[in-house]
$ cat model36.tsv   # TSV, C-alpha atoms
chain	number	residue	atom	x	y	z
A	1	MET	CA	-49.18	9.33	22.11
A	2	LYS	CA	-45.67	10.38	22.99
A	3	PRO	CA	-45.49	13.25	25.52
A	4	MET	CA	-44.52	15.78	22.81
A	5	ASP	CA	-46.76	14.33	20.09
A	6	PHE	CA	-49.80	16.56	20.62
A	7	PRO	CA	-51.86	18.07	17.81
A	8	GLU	CA	-50.96	21.64	16.87
A	9	GLY	CA	-52.46	24.12	19.32
A	10	ILE	CA	-52.96	21.71	22.21
A	11	SER	CA	-49.36	21.94	23.47
A	12	LEU	CA	-47.87	25.20	24.73
A	13	ARG	CA	-44.82	24.32	22.63
A	14	LYS	CA	-46.81	24.09	19.36
A	15	PRO	CA	-49.38	26.92	19.38
A	16	ILE	CA	-51.40	28.01	16.38
A	17	VAL	CA	-49.53	31.01	14.96
A	18	LEU	CA	-51.75	33.94	14.05
A	19	LYS	CA	-49.79	35.56	11.23
A	20	LYS	CA	-49.82	39.33	10.96
A	21	ALA	CA	-52.72	39.65	13.41
A	22	VAL	CA	-51.83	42.98	15.03
A	23	THR	CA	-55.31	44.13	16.09
A	24	ARG	CA	-57.78	42.49	18.46
A	25	GLU	CA	-60.23	42.16	15.57
A	26	GLU	CA	-57.67	40.31	13.41
A	27	VAL	CA	-56.84	37.98	16.32
A	28	GLN	CA	-60.51	37.19	16.92
A	29	LYS	CA	-61.23	36.65	13.22
A	30	GLN	CA	-58.33	34.22	12.78
A	31	GLN	CA	-59.22	32.37	15.99
A	32	GLU	CA	-62.87	32.06	14.98
A	33	GLN	CA	-61.95	30.75	11.53
A	34	TYR	CA	-59.58	28.17	13.00
A	35	LEU	CA	-61.99	27.03	15.73
A	36	GLU	CA	-64.98	26.76	13.38
A	37	LYS	CA	-62.92	24.56	11.06
A	38	LYS	CA	-61.17	22.36	13.65
A	39	TYR	CA	-63.65	22.36	16.56
A	40	PRO	CA	-67.18	22.89	15.23
A	41	GLY	CA	-69.85	23.05	17.91
A	42	TYR	CA	-67.43	23.95	20.72
A	43	LYS	CA	-68.15	27.07	22.77
A	44	ILE	CA	-65.47	29.36	24.21
A	45	THR	CA	-65.64	29.36	28.01
A	46	ARG	CA	-62.52	31.34	28.89
A	47	LYS	CA	-59.50	33.15	27.46
A	48	GLU	CA	-56.19	33.83	29.20
A	49	THR	CA	-53.01	35.40	27.94
A	50	TRP	CA	-49.75	33.75	28.97
A	51	ILE	CA	-46.09	34.25	28.15
A	52	PHE	CA	-44.42	30.93	27.47
A	53	HIS	CA	-40.67	31.23	26.90
A	54	LYS	CA	-41.00	34.77	25.47
A	55	LYS	CA	-44.00	34.00	23.22
A	56	PHE	CA	-47.38	35.52	23.98
A	57	LEU	CA	-50.05	32.82	23.92
A	58	GLU	CA	-53.78	33.20	24.19
A	59	ARG	CA	-55.18	30.08	25.82
A	60	VAL	CA	-58.75	29.53	24.69
A	61	SER	CA	-60.81	27.10	26.77
A	62	LEU	CA	-63.50	25.25	24.83
A	63	LYS	CA	-66.40	23.02	25.82
A	64	LYS	CA	-68.78	20.78	23.89
A	65	ASP	CA	-71.13	18.56	25.86
A	66	ASP	CA	-68.86	16.99	28.53
A	67	GLU	CA	-65.62	17.48	26.61
A	68	GLU	CA	-63.28	20.34	27.49
A	69	LEU	CA	-59.97	21.35	25.95
A	70	ILE	CA	-57.61	24.30	25.62
A	71	VAL	CA	-56.26	25.58	22.31
A	72	ASN	CA	-53.18	27.80	22.37
A	73	PHE	CA	-52.73	30.62	19.87
A	74	ASP	CA	-49.48	32.55	19.40
A	75	VAL	CA	-50.60	36.19	19.61
A	76	SER	CA	-47.10	37.67	19.88
A	77	ASP	CA	-47.55	40.06	16.92
A	78	TYR	CA	-50.71	41.52	18.48
A	79	MET	CA	-49.27	41.73	21.99
A	80	LYS	CA	-46.13	43.53	20.81
A	81	GLU	CA	-48.37	46.25	19.35
A	82	TYR	CA	-50.68	46.23	22.38
A	83	GLU	CA	-47.73	46.57	24.77
A	84	LYS	CA	-46.63	49.81	23.06
A	85	LYS	CA	-49.78	51.57	24.32
A	86	HIS	CA	-50.85	49.58	27.37
A	87	GLN	CA	-49.31	48.30	30.55
A	88	LEU	CA	-49.11	44.57	31.16
A	89	LYS	CA	-49.28	43.02	34.59
A	90	LYS	CA	-47.31	39.78	34.55
A	91	ILE	CA	-47.68	37.06	37.18
A	92	GLN	CA	-45.05	34.33	37.20
A	93	LEU	CA	-46.58	30.84	37.26
A	94	SER	CA	-43.34	28.88	36.89
A	95	PRO	CA	-39.90	29.48	35.36
A	96	GLY	CA	-40.46	30.69	31.80
A	97	VAL	CA	-44.25	30.93	32.21
A	98	GLU	CA	-46.22	34.04	33.16
A	99	ARG	CA	-49.90	34.92	33.09
A	100	VAL	CA	-50.65	38.36	31.68
A	101	GLU	CA	-53.40	40.58	33.00
A	102	LEU	CA	-54.22	43.15	30.37
A	103	GLN	CA	-54.48	46.70	31.63
A	104	HIS	CA	-56.87	48.63	29.45
A	105	ALA	CA	-55.65	52.05	30.58
A	106	PRO	CA	-53.16	53.45	28.05
A	107	ILE	CA	-49.63	54.28	29.10
A	108	PRO	CA	-49.47	58.03	29.82
$ encode --input "model36.tsv" --output "structure tokens"
Amino acid sequence: MKPMDFPEGISLRKPIVLKKAVTREEVQKQQEQYLEKKYPGYKITRKETWIFHKKFLERVSLKKDDEELIVNFDVSDYMKEYEKKHQLKKIQLSPGVERVELQHAPIP
């Protein structure tokens, strides 16, 4: 495989786009549908929200037997709505990449 020739969702540069998912429920539903179809039998072990070059990505860690992988979902539509009512704590990991810690207290 060439360095940039990863399947959709595996690379940060080619995340799975969740179209018009503006609520947490819509995000979860679309993720579940995608994962059931593409990765049956895998269990979610962790979720993290990152900003990668201005796109909000939810990185979902999966495990099945001894195999582990991360699937990246573009959750920008949801996060833009979320950010209107909640504060985001951003931690820079490298230039253009930040981890987001969601603050569940609404903005006063």
$ closest_residue --input "model36.tsv" --among "A:Glu8, A:Glu36, A:Glu26, A:Glu48" --to "Val100 of chain A" --atoms "all atoms listed in the file"
A:Glu48
$ residues_around --input "model36.tsv" --residues "Asp65 of chain A" --least-positions-apart "6" --cutoff "12 Å" --atoms "all atoms listed in the file" --output "list of chain:residue names"
A:Gly41, A:Tyr42, A:Lys43
$ atom_distance --input "model36.tsv" --atom1 "atom CA of Glu68 of chain A" --atom2 "atom CA of Gln30 of chain A"
20.8 Å
$ atom_distance --input "model36.tsv" --atom1 "atom CA of Pro15 of chain A" --atom2 "atom CA of Asp74 of chain A"
5.6 Å
$ residues_around --input "model36.tsv" --residues "Lys55 of chain A" --least-positions-apart "3" --cutoff "8 Å" --atoms "all atoms listed in the file" --output "CSV table (one decimal) with C-alpha atoms, in the frame of the given file"
chain,number,residue,atom,x,y,z
A,51,ILE,CA,-46.1,34.2,28.2
A,52,PHE,CA,-44.4,30.9,27.5
A,74,ASP,CA,-49.5,32.6,19.4
A,75,VAL,CA,-50.6,36.2,19.6
A,76,SER,CA,-47.1,37.7,19.9
$ residues_around --input "model36.tsv" --residues "Lys54 of chain A" --least-positions-apart "5" --cutoff "10 Å" --atoms "all atoms listed in the file" --output "list in words"
Ser76, Gly96, Val97 and Glu98 of chain A
$ write_last_selection --input "model36.tsv" --atoms "C-alpha atoms" --output "short mmCIF file (atom, residue, chain, number, x, y, z; two decimals), in the coordinates of the input"
data_model
loop_
_atom_site.label_atom_id
_atom_site.label_comp_id
_atom_site.auth_asym_id
_atom_site.auth_seq_id
_atom_site.Cartn_x
_atom_site.Cartn_y
_atom_site.Cartn_z
CA SER A 76 -47.10 37.67 19.88
CA GLY A 96 -40.46 30.69 31.80
CA VAL A 97 -44.25 30.93 32.21
CA GLU A 98 -46.22 34.04 33.16
#
$ atom_distance --input "model36.tsv" --atom1 "atom CA of Gln87 of chain A" --atom2 "atom CA of Leu102 of chain A"
7.1 Å
$ closest_residue --input "model36.tsv" --among "A:Val27, A:Trp50, A:Lys14, A:Ile44" --to "Ser94 of chain A" --atoms "only C-alpha atoms"
A:Trp50
$ residues_around --input "model36.tsv" --residues "Lys20 of chain A" --least-positions-apart "2" --cutoff "7 Å" --atoms "all atoms listed in the file" --output "ChimeraX atom specification"
/A:18,22,77
$ axis_aligned_box --input "model36.tsv" --around "segment 11-14 of chain A" --padding-each-side "6 Å" --output "AutoDock Vina command-line options"
--center_x -47.1 --center_y 23.6 --center_z 22.0 --size_x 16.5 --size_y 15.3 --size_z 17.4
$ closest_residue --input "model36.tsv" --among "A:Glu101, A:Lys84, A:Ile91, A:Ile16" --to "Leu57 of chain A" --atoms "all atoms listed in the file"
A:Ile16
$ residues_around --input "model36.tsv" --residues "Pro40 of chain A" --least-positions-apart "4" --cutoff "12 Å" --atoms "all atoms listed in the file" --output "PyMOL selection string"
chain A and resi 32-36+44+62-64
